[in-house]
$ cat coords12.tsv   # TSV, C-alpha atoms and all ligand atoms
chain	number	residue	atom	x	y	z
A	1	MET	CA	0.00	0.00	0.00
A	2	ASN	CA	1.55	3.27	-1.10
A	3	SER	CA	0.60	5.97	1.39
A	4	THR	CA	3.45	8.43	1.15
A	5	ILE	CA	2.51	11.91	2.31
A	6	ARG	CA	1.47	14.03	-0.66
A	7	HIS	CA	0.49	17.67	-0.91
A	8	ASP	CA	-0.36	17.71	-4.60
A	9	TRP	CA	-3.68	15.87	-4.71
A	10	SER	CA	-5.91	17.35	-7.40
A	11	SER	CA	-9.61	17.94	-6.79
A	12	ASP	CA	-10.44	15.57	-9.67
A	13	HIS	CA	-8.36	12.82	-8.11
A	14	ILE	CA	-10.05	13.41	-4.75
A	15	VAL	CA	-13.51	13.23	-6.37
A	16	ALA	CA	-12.51	9.92	-8.02
A	17	LEU	CA	-11.29	8.53	-4.69
A	18	HIS	CA	-14.45	9.71	-2.95
A	19	ASN	CA	-16.81	8.23	-5.56
A	20	GLN	CA	-15.20	4.80	-5.96
A	21	PRO	CA	-17.28	1.81	-4.80
A	22	LEU	CA	-17.84	2.16	-1.07
A	23	LEU	CA	-16.22	-1.11	-0.02
A	24	ALA	CA	-13.08	-0.35	-2.03
A	25	LEU	CA	-12.94	3.15	-0.55
A	26	VAL	CA	-13.38	1.98	3.03
A	27	GLY	CA	-10.93	-0.87	2.52
A	28	ARG	CA	-8.20	1.40	1.22
A	29	ALA	CA	-8.85	4.03	3.89
A	30	SER	CA	-8.78	1.40	6.62
A	31	ALA	CA	-5.43	0.07	5.37
A	32	VAL	CA	-3.94	3.58	5.50
A	33	HIS	CA	-5.46	4.07	8.95
A	34	ARG	CA	-3.92	0.88	10.30
A	35	GLN	CA	-0.55	1.79	8.86
A	36	HIS	CA	-0.41	5.14	10.68
A	37	HIS	CA	-2.70	4.85	13.73
A	38	ASP	CA	-3.77	2.48	16.47
A	39	PRO	CA	-7.13	1.30	15.08
A	40	ASN	CA	-8.43	0.43	18.55
A	41	HIS	CA	-7.91	3.86	20.05
A	42	VAL	CA	-10.70	6.42	19.80
A	43	GLN	CA	-9.75	9.74	21.34
A	44	LYS	CA	-12.50	11.37	23.37
A	45	ALA	CA	-12.54	15.14	23.15
A	46	SER	CA	-14.84	17.28	25.24
A	47	LEU	CA	-16.32	20.52	23.92
A	48	LEU	CA	-17.42	23.60	25.86
A	49	SER	CA	-18.85	26.90	24.71
A	50	ILE	CA	-17.03	29.41	26.92
A	51	LYS	CA	-18.79	32.41	25.33
A	52	THR	CA	-22.13	31.82	23.67
A	53	GLY	CA	-24.04	33.71	20.99
A	54	GLY	CA	-24.16	37.30	19.77
A	55	CYS	CA	-21.47	36.72	17.15
A	56	PRO	CA	-21.16	39.48	14.49
A	57	GLU	CA	-20.37	36.98	11.69
A	58	ASP	CA	-23.19	35.70	9.48
A	59	CYS	CA	-22.28	32.00	9.04
A	60	ALA	CA	-25.51	30.50	7.67
A	61	TYR	CA	-25.22	27.27	9.65
A	62	CYS	CA	-24.50	28.82	13.02
A	63	PRO	CA	-27.02	29.32	15.83
A	64	GLN	CA	-24.61	31.76	17.49
A	65	SER	CA	-24.70	34.39	14.76
A	66	ALA	CA	-26.41	37.63	15.85
A	67	HIS	CA	-27.76	37.86	12.26
A	68	HIS	CA	-30.15	34.96	12.86
A	69	ARG	CA	-32.62	36.61	15.20
A	70	ASP	CA	-35.15	33.77	15.29
A	71	VAL	CA	-32.82	31.25	16.90
A	72	ALA	CA	-33.82	30.33	20.44
A	73	LEU	CA	-30.46	30.68	22.18
A	74	THR	CA	-29.48	32.26	25.46
A	75	LYS	CA	-26.45	34.48	25.01
A	76	ASP	CA	-23.78	34.24	27.66
A	77	ARG	CA	-20.76	36.31	28.62
A	78	LEU	CA	-17.34	34.67	28.83
A	79	MET	CA	-17.32	32.03	31.56
A	80	ASN	CA	-14.92	32.42	34.45
A	81	PRO	CA	-11.84	30.19	34.40
A	82	ASP	CA	-12.72	28.39	37.64
A	83	SER	CA	-16.04	27.12	36.25
A	84	VAL	CA	-14.39	26.11	32.99
A	85	LEU	CA	-11.65	24.19	34.79
A	86	MET	CA	-14.17	22.43	37.00
A	87	LEU	CA	-15.93	21.18	33.85
A	88	ALA	CA	-12.60	20.24	32.27
A	89	LYS	CA	-11.73	18.13	35.31
A	90	ARG	CA	-15.14	16.48	35.17
A	91	ALA	CA	-14.60	15.70	31.46
A	92	ARG	CA	-11.16	14.26	32.21
A	93	ASP	CA	-12.61	12.07	34.97
A	94	ALA	CA	-15.23	10.82	32.48
A	95	GLY	CA	-12.48	9.76	30.08
A	96	ALA	CA	-11.79	12.76	27.84
A	97	ASP	CA	-8.17	13.62	27.17
A	98	ARG	CA	-8.70	16.70	25.03
A	99	PHE	CA	-10.67	19.78	26.08
A	100	CYS	CA	-11.88	22.15	23.36
A	101	MET	CA	-13.20	25.60	24.19
A	102	GLY	CA	-15.17	27.71	21.71
A	103	ALA	CA	-16.02	31.41	21.81
A	104	ALA	CA	-18.54	33.11	19.52
A	105	TRP	CA	-16.11	35.85	18.61
A	106	ARG	CA	-15.22	37.27	15.20
A	107	GLN	CA	-11.67	37.72	16.45
A	108	VAL	CA	-9.50	37.79	19.54
A	109	ARG	CA	-9.06	41.17	21.24
A	110	ASP	CA	-6.49	42.12	23.87
A	111	GLY	CA	-7.77	42.56	27.40
A	112	LYS	CA	-9.24	40.80	30.40
A	113	GLU	CA	-11.27	38.30	28.37
A	114	PHE	CA	-8.29	37.05	26.39
A	115	ASP	CA	-6.25	36.90	29.61
A	116	ALA	CA	-9.00	34.72	31.11
A	117	VAL	CA	-8.80	32.39	28.08
A	118	LEU	CA	-5.03	32.10	28.62
A	119	THR	CA	-5.72	31.12	32.25
A	120	MET	CA	-8.16	28.46	31.02
A	121	VAL	CA	-5.57	27.06	28.61
A	122	ARG	CA	-2.90	26.88	31.31
A	123	GLY	CA	-5.40	25.23	33.67
A	124	VAL	CA	-6.46	22.58	31.15
A	125	ARG	CA	-2.81	21.75	30.43
A	126	ASN	CA	-2.15	21.47	34.17
A	127	LEU	CA	-4.93	18.88	34.34
A	128	GLY	CA	-2.84	16.80	31.94
A	129	MET	CA	-5.24	17.28	29.02
A	130	GLU	CA	-4.69	18.55	25.50
A	131	ALA	CA	-6.13	22.05	25.13
A	132	CYS	CA	-7.76	23.38	21.97
A	133	VAL	CA	-9.49	26.74	21.50
A	134	THR	CA	-11.51	28.27	18.70
A	135	LEU	CA	-11.77	32.04	19.05
A	136	GLY	CA	-12.09	33.32	15.47
A	137	MET	CA	-9.33	35.33	13.78
A	138	LEU	CA	-6.18	36.21	15.69
A	139	GLN	CA	-3.07	38.38	15.42
A	140	PRO	CA	0.49	37.05	15.73
A	141	HIS	CA	0.91	38.26	19.33
A	142	HIS	CA	-2.25	36.36	20.33
A	143	ALA	CA	-0.88	33.16	18.81
A	144	GLU	CA	2.39	33.78	20.63
A	145	GLN	CA	0.65	34.13	23.99
A	146	LEU	CA	-1.51	31.06	23.37
A	147	ALA	CA	1.60	29.06	22.50
A	148	GLN	CA	3.30	30.28	25.69
A	149	ALA	CA	0.24	29.21	27.70
A	150	GLY	CA	0.80	25.69	26.33
A	151	LEU	CA	-2.07	25.53	23.83
A	152	THR	CA	-2.04	22.20	21.98
A	153	ALA	CA	-4.15	23.16	18.96
A	154	TYR	CA	-6.17	26.00	17.47
A	155	ASN	CA	-9.43	25.16	15.70
A	156	HIS	CA	-10.32	27.33	12.74
A	157	ASN	CA	-12.33	25.66	10.00
A	158	LEU	CA	-12.42	26.27	6.26
A	159	ASP	CA	-16.02	25.06	6.55
A	160	THR	CA	-16.42	24.38	2.80
A	161	SER	CA	-14.82	24.86	-0.63
A	162	PRO	CA	-13.57	28.26	-1.82
A	163	GLU	CA	-16.24	28.01	-4.56
A	164	PHE	CA	-19.24	27.40	-2.26
A	165	TYR	CA	-18.02	29.56	0.62
A	166	GLY	CA	-19.79	32.75	-0.56
A	167	LYS	CA	-23.17	31.03	-0.23
A	168	ILE	CA	-22.52	30.42	3.48
A	169	ILE	CA	-20.59	33.39	4.89
A	170	SER	CA	-20.31	36.98	3.69
A	171	THR	CA	-18.65	38.72	6.64
A	172	ARG	CA	-15.25	36.98	6.46
A	173	THR	CA	-13.29	35.92	3.40
A	174	TYR	CA	-11.72	32.56	2.66
A	175	GLN	CA	-8.36	34.34	2.47
A	176	GLU	CA	-8.84	35.71	6.00
A	177	ARG	CA	-9.32	32.13	7.18
A	178	LEU	CA	-6.14	31.02	5.42
A	179	ASP	CA	-4.26	33.97	6.96
A	180	THR	CA	-5.43	32.99	10.47
A	181	LEU	CA	-4.30	29.41	9.84
A	182	ALA	CA	-0.86	30.64	8.72
A	183	THR	CA	-0.55	32.77	11.88
A	184	VAL	CA	-1.35	29.76	14.06
A	185	ARG	CA	1.24	27.66	12.22
A	186	ALA	CA	3.88	30.37	12.55
A	187	TYR	CA	3.82	29.85	16.33
A	188	ASN	CA	4.02	26.06	16.13
A	189	ILE	CA	0.51	25.50	17.43
A	190	ALA	CA	-1.10	22.40	15.90
A	191	LEU	CA	-3.85	23.16	13.40
A	192	CYS	CA	-7.33	21.77	13.82
A	193	CYS	CA	-9.06	22.65	10.57
A	194	GLY	CA	-11.94	21.00	8.77
A	195	GLY	CA	-15.45	21.68	7.61
A	196	ILE	CA	-19.11	20.83	7.38
A	197	ILE	CA	-21.01	18.65	4.92
A	198	GLY	CA	-24.74	18.80	4.27
A	199	MET	CA	-25.06	22.54	3.60
A	200	GLY	CA	-26.12	22.07	-0.05
A	201	GLU	CA	-22.60	21.74	-1.45
A	202	THR	CA	-21.68	19.19	-4.14
A	203	VAL	CA	-19.21	16.32	-3.90
A	204	GLU	CA	-16.86	18.51	-5.98
A	205	ASP	CA	-17.08	21.17	-3.24
A	206	ARG	CA	-16.26	18.60	-0.57
A	207	ALA	CA	-13.27	17.43	-2.62
A	208	SER	CA	-12.18	21.01	-3.21
A	209	MET	CA	-12.16	21.70	0.53
A	210	LEU	CA	-10.14	18.52	1.13
A	211	GLN	CA	-7.77	19.60	-1.65
A	212	VAL	CA	-7.06	22.91	0.15
A	213	LEU	CA	-6.44	21.04	3.43
A	214	ALA	CA	-4.18	18.45	1.79
A	215	SER	CA	-2.16	21.16	0.04
A	216	MET	CA	-1.02	22.52	3.42
A	217	THR	CA	2.53	21.60	4.49
A	218	PRO	CA	2.41	19.80	6.81
A	219	HIS	CA	-1.19	18.62	6.64
A	220	PRO	CA	-3.35	19.94	9.49
A	221	GLU	CA	-2.63	17.82	12.56
A	222	SER	CA	-6.39	17.53	13.11
A	223	VAL	CA	-9.33	17.64	10.68
A	224	PRO	CA	-12.86	17.76	12.12
A	225	ILE	CA	-15.54	16.50	9.75
A	226	ASN	CA	-18.89	17.93	10.81
A	227	ALA	CA	-22.32	17.11	9.39
A	228	LEU	CA	-24.62	20.11	9.52
A	229	VAL	CA	-26.73	20.23	12.65
A	230	PRO	CA	-29.73	22.12	11.28
A	231	VAL	CA	-30.90	24.65	13.85
A	232	ALA	CA	-34.34	26.32	13.72
A	233	GLY	CA	-34.03	30.02	12.93
A	234	THR	CA	-30.80	29.67	10.88
A	235	PRO	CA	-30.92	29.96	7.07
A	236	LEU	CA	-29.97	26.25	6.81
A	237	ALA	CA	-32.67	25.05	9.22
A	238	ASP	CA	-34.51	23.12	6.50
A	239	ARG	CA	-31.57	21.37	4.84
A	240	PRO	CA	-32.40	17.66	4.56
A	241	PRO	CA	-30.17	15.37	6.63
A	242	ILE	CA	-27.31	13.72	4.77
A	243	ASP	CA	-27.08	9.98	4.28
A	244	PRO	CA	-24.66	8.69	6.97
A	245	LEU	CA	-22.67	6.98	4.21
A	246	GLU	CA	-21.73	10.45	2.91
A	247	LEU	CA	-19.97	11.02	6.22
A	248	VAL	CA	-18.26	7.64	5.85
A	249	ARG	CA	-17.03	8.61	2.36
A	250	MET	CA	-15.80	12.00	3.59
A	251	VAL	CA	-13.91	10.49	6.52
A	252	ALA	CA	-12.41	7.77	4.32
A	253	THR	CA	-11.28	10.24	1.66
A	254	ALA	CA	-9.72	12.55	4.27
A	255	ARG	CA	-7.90	9.54	5.75
A	256	ILE	CA	-6.45	8.44	2.40
A	257	ILE	CA	-5.13	11.85	1.35
A	258	MET	CA	-3.92	12.91	4.84
A	259	PRO	CA	-2.62	9.63	6.32
A	260	LYS	CA	-1.17	10.96	9.58
A	261	THR	CA	-3.85	13.52	10.42
A	262	ILE	CA	-6.21	12.96	13.35
A	263	VAL	CA	-9.63	12.83	11.66
A	264	ARG	CA	-12.47	13.79	13.97
A	265	LEU	CA	-16.03	12.58	13.56
A	266	SER	CA	-17.51	15.80	14.94
A	267	ALA	CA	-20.92	17.49	14.85
A	268	GLY	CA	-23.84	15.45	13.48
A	269	ARG	CA	-22.71	12.18	15.03
A	270	SER	CA	-25.93	11.89	17.04
A	271	ALA	CA	-27.81	11.29	13.76
A	272	LEU	CA	-25.72	8.14	13.15
A	273	ASN	CA	-26.61	4.75	14.52
A	274	ARG	CA	-23.94	2.62	16.20
A	275	GLU	CA	-23.03	0.74	13.04
A	276	ALA	CA	-22.64	3.90	10.93
A	277	GLN	CA	-20.32	5.33	13.59
A	278	ILE	CA	-18.29	2.11	13.58
A	279	LEU	CA	-18.02	2.35	9.78
A	280	CYS	CA	-16.58	5.86	10.20
A	281	LEU	CA	-14.07	4.53	12.73
A	282	ILE	CA	-13.06	1.71	10.38
A	283	ALA	CA	-12.77	4.25	7.56
A	284	GLY	CA	-10.24	6.28	9.53
A	285	ALA	CA	-11.86	8.47	12.17
A	286	ASN	CA	-9.61	8.75	15.24
A	287	SER	CA	-11.75	10.77	17.56
A	288	VAL	CA	-15.23	11.81	18.63
A	289	PHE	CA	-16.67	14.57	20.80
A	290	TYR	CA	-17.77	12.99	24.05
A	291	GLY	CA	-20.22	14.70	26.41
A	292	ASP	CA	-23.82	15.84	26.50
A	293	THR	CA	-23.48	18.95	24.34
A	294	LEU	CA	-21.39	20.18	21.45
A	295	LEU	CA	-21.25	23.98	21.71
A	296	THR	CA	-24.95	24.80	21.77
A	297	THR	CA	-26.63	21.66	20.37
A	298	PRO	CA	-27.01	18.17	21.84
A	299	ASN	CA	-24.27	15.61	21.22
A	300	SER	CA	-24.61	11.83	21.15
A	301	ASP	CA	-25.94	10.48	24.42
A	302	THR	CA	-23.07	9.60	26.78
A	303	ASN	CA	-24.71	6.35	27.90
A	304	GLU	CA	-25.01	5.24	24.28
A	305	ASP	CA	-21.40	6.27	23.75
A	306	ALA	CA	-20.34	4.17	26.72
A	307	GLU	CA	-22.08	1.21	25.08
A	308	LEU	CA	-20.41	2.01	21.76
A	309	PHE	CA	-16.94	2.11	23.34
A	310	GLN	CA	-17.72	-1.07	25.25
A	311	ALA	CA	-18.87	-2.81	22.06
A	312	ILE	CA	-15.73	-1.92	20.14
A	313	GLY	CA	-13.43	-2.42	23.13
A	314	SER	CA	-11.78	0.97	22.86
A	315	TRP	CA	-11.95	1.97	26.52
A	316	VAL	CA	-8.41	0.70	26.89
A	317	GLU	CA	-5.79	2.96	25.37
A	318	ARG	CA	-3.96	0.07	23.75
A	319	HIS	CA	-5.58	-3.30	23.67
A	320	PRO	CA	-3.35	-5.93	25.35
A	321	VAL	CA	-3.52	-8.06	22.19
A	322	ALA	CA	-1.57	-5.36	20.36
A	323	ALA	CA	1.33	-5.86	22.76
A	324	LEU	CA	1.44	-9.60	22.01
A	325	GLU	CA	1.70	-9.19	18.25
B	401	LIG	N1	-16.35	31.75	16.16
B	401	LIG	C1	-15.28	30.87	15.92
B	401	LIG	C2	-15.10	30.53	14.46
B	401	LIG	O1	-16.06	30.46	13.73
B	401	LIG	O2	-13.96	30.33	14.08
B	401	LIG	C3	-15.35	29.59	16.74
B	401	LIG	C4	-16.65	28.88	17.01
B	401	LIG	S1	-17.50	28.18	15.59
B	401	LIG	C5	-19.01	27.70	16.33
B	401	LIG	C6	-16.60	26.67	15.25
B	401	LIG	C7	-17.08	25.78	14.12
B	401	LIG	O3	-18.26	25.09	14.50
B	401	LIG	C8	-17.48	26.42	12.80
B	401	LIG	O4	-16.40	26.77	12.01
B	401	LIG	C9	-18.31	25.32	12.15
B	401	LIG	O5	-17.51	24.51	11.34
B	401	LIG	C10	-18.85	24.53	13.35
B	401	LIG	N2	-20.31	24.66	13.45
B	401	LIG	C11	-21.02	25.70	13.93
B	401	LIG	N3	-22.34	25.48	13.85
B	401	LIG	C12	-22.51	24.27	13.28
B	401	LIG	C13	-23.66	23.49	12.92
B	401	LIG	N4	-24.89	23.94	13.09
B	401	LIG	N5	-23.45	22.27	12.38
B	401	LIG	C14	-22.18	21.81	12.19
B	401	LIG	N6	-21.07	22.51	12.50
B	401	LIG	C15	-21.22	23.73	13.03
B	402	LIG	C1	-15.68	21.77	14.95
B	402	LIG	O1	-15.27	21.58	13.80
B	402	LIG	N1	-16.83	21.31	15.43
B	402	LIG	C2	-17.05	21.77	16.77
B	402	LIG	C3	-15.70	22.42	17.12
B	402	LIG	N2	-15.03	22.45	15.86
B	402	LIG	C4	-15.63	23.72	17.80
B	402	LIG	C5	-18.24	22.65	16.89
B	402	LIG	C6	-19.53	21.99	16.44
B	402	LIG	C7	-20.67	22.92	16.73
B	402	LIG	C8	-22.00	22.33	16.40
B	402	LIG	C9	-23.13	23.27	16.62
B	402	LIG	C10	-23.32	23.69	18.04
B	402	LIG	O2	-23.39	22.85	18.96
B	402	LIG	O3	-23.45	24.92	18.28
B	403	LIG	FE1	-19.57	33.31	14.84
B	403	LIG	FE2	-18.07	31.12	14.64
B	403	LIG	FE3	-20.77	30.96	14.59
B	403	LIG	FE4	-19.51	32.02	12.50
B	403	LIG	S1	-19.31	29.91	13.25
B	403	LIG	S2	-21.32	32.87	13.53
B	403	LIG	S3	-17.80	33.03	13.50
B	403	LIG	S4	-19.53	31.62	16.31
$ encode --input "coords12.tsv" --output "C-alpha cells"
Amino acid sequence: MNSTIRHDWSSDHIVALHNQPLLALVGRASAVHRQHHDPNHVQKASLLSIKTGGCPEDCAYCPQSAHHRDVALTKDRLMNPDSVLMLAKRARDAGADRFCMGAAWRQVRDGKEFDAVLTMVRGVRNLGMEACVTLGMLQPHHAEQLAQAGLTAYNHNLDTSPEFYGKIISTRTYQERLDTLATVRAYNIALCCGGIIGMGETVEDRASMLQVLASMTPHPESVPINALVPVAGTPLADRPPIDPLELVRMVATARIIMPKTIVRLSAGRSALNREAQILCLIAGANSVFYGDTLLTTPNSDTNEDAELFQAIGSWVERHPVAALE
C-alpha cells in the first residue's frame, strides 16, 4: 500500500477517490489508517462553549450568529476560568483527554477576556489534558501568547470549498481564514481545521475543501468532519439530513489523502446509529466529541457512547492483544 505523504492531490483525483465503490474506498482508507494509527484507540474530546451567541459573523449554519434573530439561544458572557476548569476536570474524569473551548467571537481582542482564556488554557494543560481553543481570527501576538500558555491546537475551519463559501458566509473571506491558519502555524501550534457537509454543497465542493487542506505543508494535525446540525431560525434550518454513508465517504477520503492527520467525527454524530459510527471509525476516524453537548446543540448520548466504546473495546488505550503481536 503506497501511502506516502502528498500535498499535490488534485480535486479531480479526490472526487474519483471519494466516488469509488464504497467497499473499495473503506478498505483502502482502513489500510492507511492501520498503517499510521492504532485502530483500537478512539480519542475522546470534550467541547465547551465558553462564550455563547451574539457573534457578528453571518455563518448560515450557526445558531450563534447575531444575524439569525429567530434562533432560540441564550447568550452568555465569557465564563470564568474556575467554572471552565471544573468542567474540564469532570470531562477528564469521564475519560476525555482533550478539552476544546469555543467562543462566539469574530476575532480575539487584547484585554481581560483574552487573559481569562489564557488562564483556562494553562489550567487545562495542568490537568494533563490537550487544550484546543476556537476564538475566530487572531493576530500574531495572540498566537504567541496562546503558545506560551501551552495551547495544543487552534481550531479554525475552512467550513467548505472556496467556490461554495460565498453562499454560506459573507462577513469573512476565505483568504482571511487562510491567513489565520498561517498565523497559528507560525507559532508552532497544531492546526485543527476542517469543515461541514450537508449545507447544499456538491461532492466537488467537498473534494475542493479537502484539496485545500491536503495542500497545506504539513497537513493539518487535526481535521474535524462535521455534518450540519440544522438549527431552527438559521438559514440552513430546512436542509435535509445527509445519508450517513456520505460522512463515511468524507472520513475515508480525508484519511487516504492525509494519512497521519487525526480525523475527527464531529458534529452530526448523534444522527448516526452505532453501526454507521463504527463504519466511520473503520474508515479512519480517530476521535469523537464525548459529552452531552457540542457547543450549543445536543451531542450523542453519553450512555449510548459508553455502550459504543464497550462494544468496540476501545476503553483501553492500547488493547493488550496489540502488545502480544
Ligand atoms: N467563532 C469561531 C469561528 O467560527 O472560528 C469559533 C466557534 S464556531 C461555532 C466553530 C465551528 O463550529 C465552525 O467553524 C463550524 O464549522 C462549526 N459549526 C457551527 N455550527 C454548526 C452546525 N450547526 N453544524 C455543524 N457545525 C457547526
Ligand atoms: C468543529 O469543527 N466542530 C465543533 C468544534 N469544531 C468547535 C463545533 C460543532 C458545533 C456544532 C453546533 C453547536 O453545537 O453549536
Ligand atoms: Fe460566529 Fe463562529 Fe458561529 Fe460564525 S461559526 S457565527 S464566527 S460563532
$ residues_around --input "coords12.tsv" --residues "Asn226 in chain A" --least-positions-apart "6" --cutoff "12 Å" --atoms "all atoms listed in the file" --output "count of residues only"
34
$ residues_near_ligand --input "coords12.tsv" --ligand "ligand LIG 403 (chain B)" --cutoff "9 Å" --atoms "all atoms listed in the file" --output "PyMOL selection string"
chain A and resi 52-67+102-107+134-137+156-157+159+169+171-172
$ atom_distance --input "coords12.tsv" --atom1 "CA of Gln310 in chain A" --atom2 "CA of Pro298 in chain A"
21.6 Å
$ atom_distance --input "coords12.tsv" --atom1 "CA of His33 in chain A" --atom2 "CA of Ser300 in chain A"
24.0 Å
$ atom_distance --input "coords12.tsv" --atom1 "CA of Thr234 in chain A" --atom2 "CA of Asn273 in chain A"
25.5 Å
$ closest_atom_pairs --input "coords12.tsv" --of "range 178-237 of chain A" --to "range 6-26 of chain A" --cutoff "12 Å" --atoms "only C-alpha atoms" --output "JSON lines"
{"residue": "A:Thr202", "atom": "CA", "partner": "A:Val15", "partner_atom": "CA", "distance": 10.4}
{"residue": "A:Val203", "atom": "CA", "partner": "A:Val15", "partner_atom": "CA", "distance": 6.9}
{"residue": "A:Glu204", "atom": "CA", "partner": "A:Val15", "partner_atom": "CA", "distance": 6.3}
{"residue": "A:Asp205", "atom": "CA", "partner": "A:Ser11", "partner_atom": "CA", "distance": 8.9}
{"residue": "A:Arg206", "atom": "CA", "partner": "A:Val15", "partner_atom": "CA", "distance": 8.4}
{"residue": "A:Ala207", "atom": "CA", "partner": "A:Ser11", "partner_atom": "CA", "distance": 5.6}
{"residue": "A:Ser208", "atom": "CA", "partner": "A:Ser11", "partner_atom": "CA", "distance": 5.4}
{"residue": "A:Met209", "atom": "CA", "partner": "A:Ser11", "partner_atom": "CA", "distance": 8.6}
{"residue": "A:Leu210", "atom": "CA", "partner": "A:Ile14", "partner_atom": "CA", "distance": 7.8}
{"residue": "A:Gln211", "atom": "CA", "partner": "A:Ser11", "partner_atom": "CA", "distance": 5.7}
{"residue": "A:Val212", "atom": "CA", "partner": "A:Ser11", "partner_atom": "CA", "distance": 8.9}
{"residue": "A:Leu213", "atom": "CA", "partner": "A:His7", "partner_atom": "CA", "distance": 8.8}
{"residue": "A:Ala214", "atom": "CA", "partner": "A:His7", "partner_atom": "CA", "distance": 5.5}
{"residue": "A:Ser215", "atom": "CA", "partner": "A:His7", "partner_atom": "CA", "distance": 4.5}
{"residue": "A:Met216", "atom": "CA", "partner": "A:His7", "partner_atom": "CA", "distance": 6.7}
{"residue": "A:Thr217", "atom": "CA", "partner": "A:His7", "partner_atom": "CA", "distance": 7.0}
{"residue": "A:Pro218", "atom": "CA", "partner": "A:His7", "partner_atom": "CA", "distance": 8.2}
{"residue": "A:His219", "atom": "CA", "partner": "A:His7", "partner_atom": "CA", "distance": 7.8}
{"residue": "A:Pro220", "atom": "CA", "partner": "A:His7", "partner_atom": "CA", "distance": 11.3}
$ closest_residue --input "coords12.tsv" --among "A:Val229, A:Ile256, A:Leu245, A:Ile168" --to "Gly200 in chain A" --atoms "all atoms listed in the file"
A:Ile168
$ axis_aligned_box --input "coords12.tsv" --around "range 305-309 of chain A" --padding-each-side "5 Å" --output "JSON"
{"center_x": -19.5, "center_y": 3.7, "center_z": 24.2, "size_x": 15.1, "size_y": 15.1, "size_z": 15.0}
$ closest_residue --input "coords12.tsv" --among "A:Val71, A:Ala252, A:Ile5, A:Ala116" --to "ligand LIG 401 (chain B)" --atoms "only C-alpha atoms and all ligand atoms"
A:Val71
$ closest_residue --input "coords12.tsv" --among "A:Gly291, A:Gly233, A:Pro259, A:Gly313" --to "ligand LIG 401 (chain B)" --atoms "all atoms listed in the file"
A:Gly233
$ closest_residue --input "coords12.tsv" --among "A:Lys112, A:Arg185, A:Arg125, A:Arg274" --to "Ala88 in chain A" --atoms "only C-alpha atoms"
A:Arg125
$ closest_residue --input "coords12.tsv" --among "A:Met79, A:Ala91, A:Leu191, A:Val32" --to "ligand LIG 402 (chain B)" --atoms "all atoms listed in the file"
A:Leu191
$ residues_around --input "coords12.tsv" --residues "Val121 in chain A" --least-positions-apart "3" --cutoff "9 Å" --atoms "only C-alpha atoms" --output "JSON list (two decimals) with C-alpha atoms, in the coordinates of the input"
[["chain", "number", "residue", "atom", "x", "y", "z"],
["A", 101, "MET", "CA", -13.20, 25.60, 24.19],
["A", 116, "ALA", "CA", -9.00, 34.72, 31.11],
["A", 117, "VAL", "CA", -8.80, 32.39, 28.08],
["A", 118, "LEU", "CA", -5.03, 32.10, 28.62],
["A", 124, "VAL", "CA", -6.46, 22.58, 31.15],
["A", 125, "ARG", "CA", -2.81, 21.75, 30.43],
["A", 126, "ASN", "CA", -2.15, 21.47, 34.17],
["A", 131, "ALA", "CA", -6.13, 22.05, 25.13],
["A", 132, "CYS", "CA", -7.76, 23.38, 21.97],
["A", 133, "VAL", "CA", -9.49, 26.74, 21.50],
["A", 146, "LEU", "CA", -1.51, 31.06, 23.37],
["A", 149, "ALA", "CA", 0.24, 29.21, 27.70],
["A", 150, "GLY", "CA", 0.80, 25.69, 26.33],
["A", 151, "LEU", "CA", -2.07, 25.53, 23.83],
["A", 152, "THR", "CA", -2.04, 22.20, 21.98]]
$ residues_near_point --input "coords12.tsv" --point "(-4.7, 36.6, 17.2)" --cutoff "8 Å" --atoms "only C-alpha atoms" --output "compact mmCIF listing (two decimals) with C-alpha atoms, in the coordinates of the input"
# COMPACT_ATOMS: atom_id res chain seq x y z
CA GLN A 107 -11.67 37.72 16.45
CA VAL A 108 -9.50 37.79 19.54
CA ARG A 109 -9.06 41.17 21.24
CA MET A 137 -9.33 35.33 13.78
CA LEU A 138 -6.18 36.21 15.69
CA GLN A 139 -3.07 38.38 15.42
CA PRO A 140 0.49 37.05 15.73
CA HIS A 141 0.91 38.26 19.33
CA HIS A 142 -2.25 36.36 20.33
CA ALA A 143 -0.88 33.16 18.81
CA THR A 180 -5.43 32.99 10.47
CA THR A 183 -0.55 32.77 11.88
$ residues_near_point --input "coords12.tsv" --point "(-20.1, 17.9, 27.6)" --cutoff "6 Å" --atoms "only C-alpha atoms" --output "PyMOL selection string"
chain A and resi 46-47+291-293
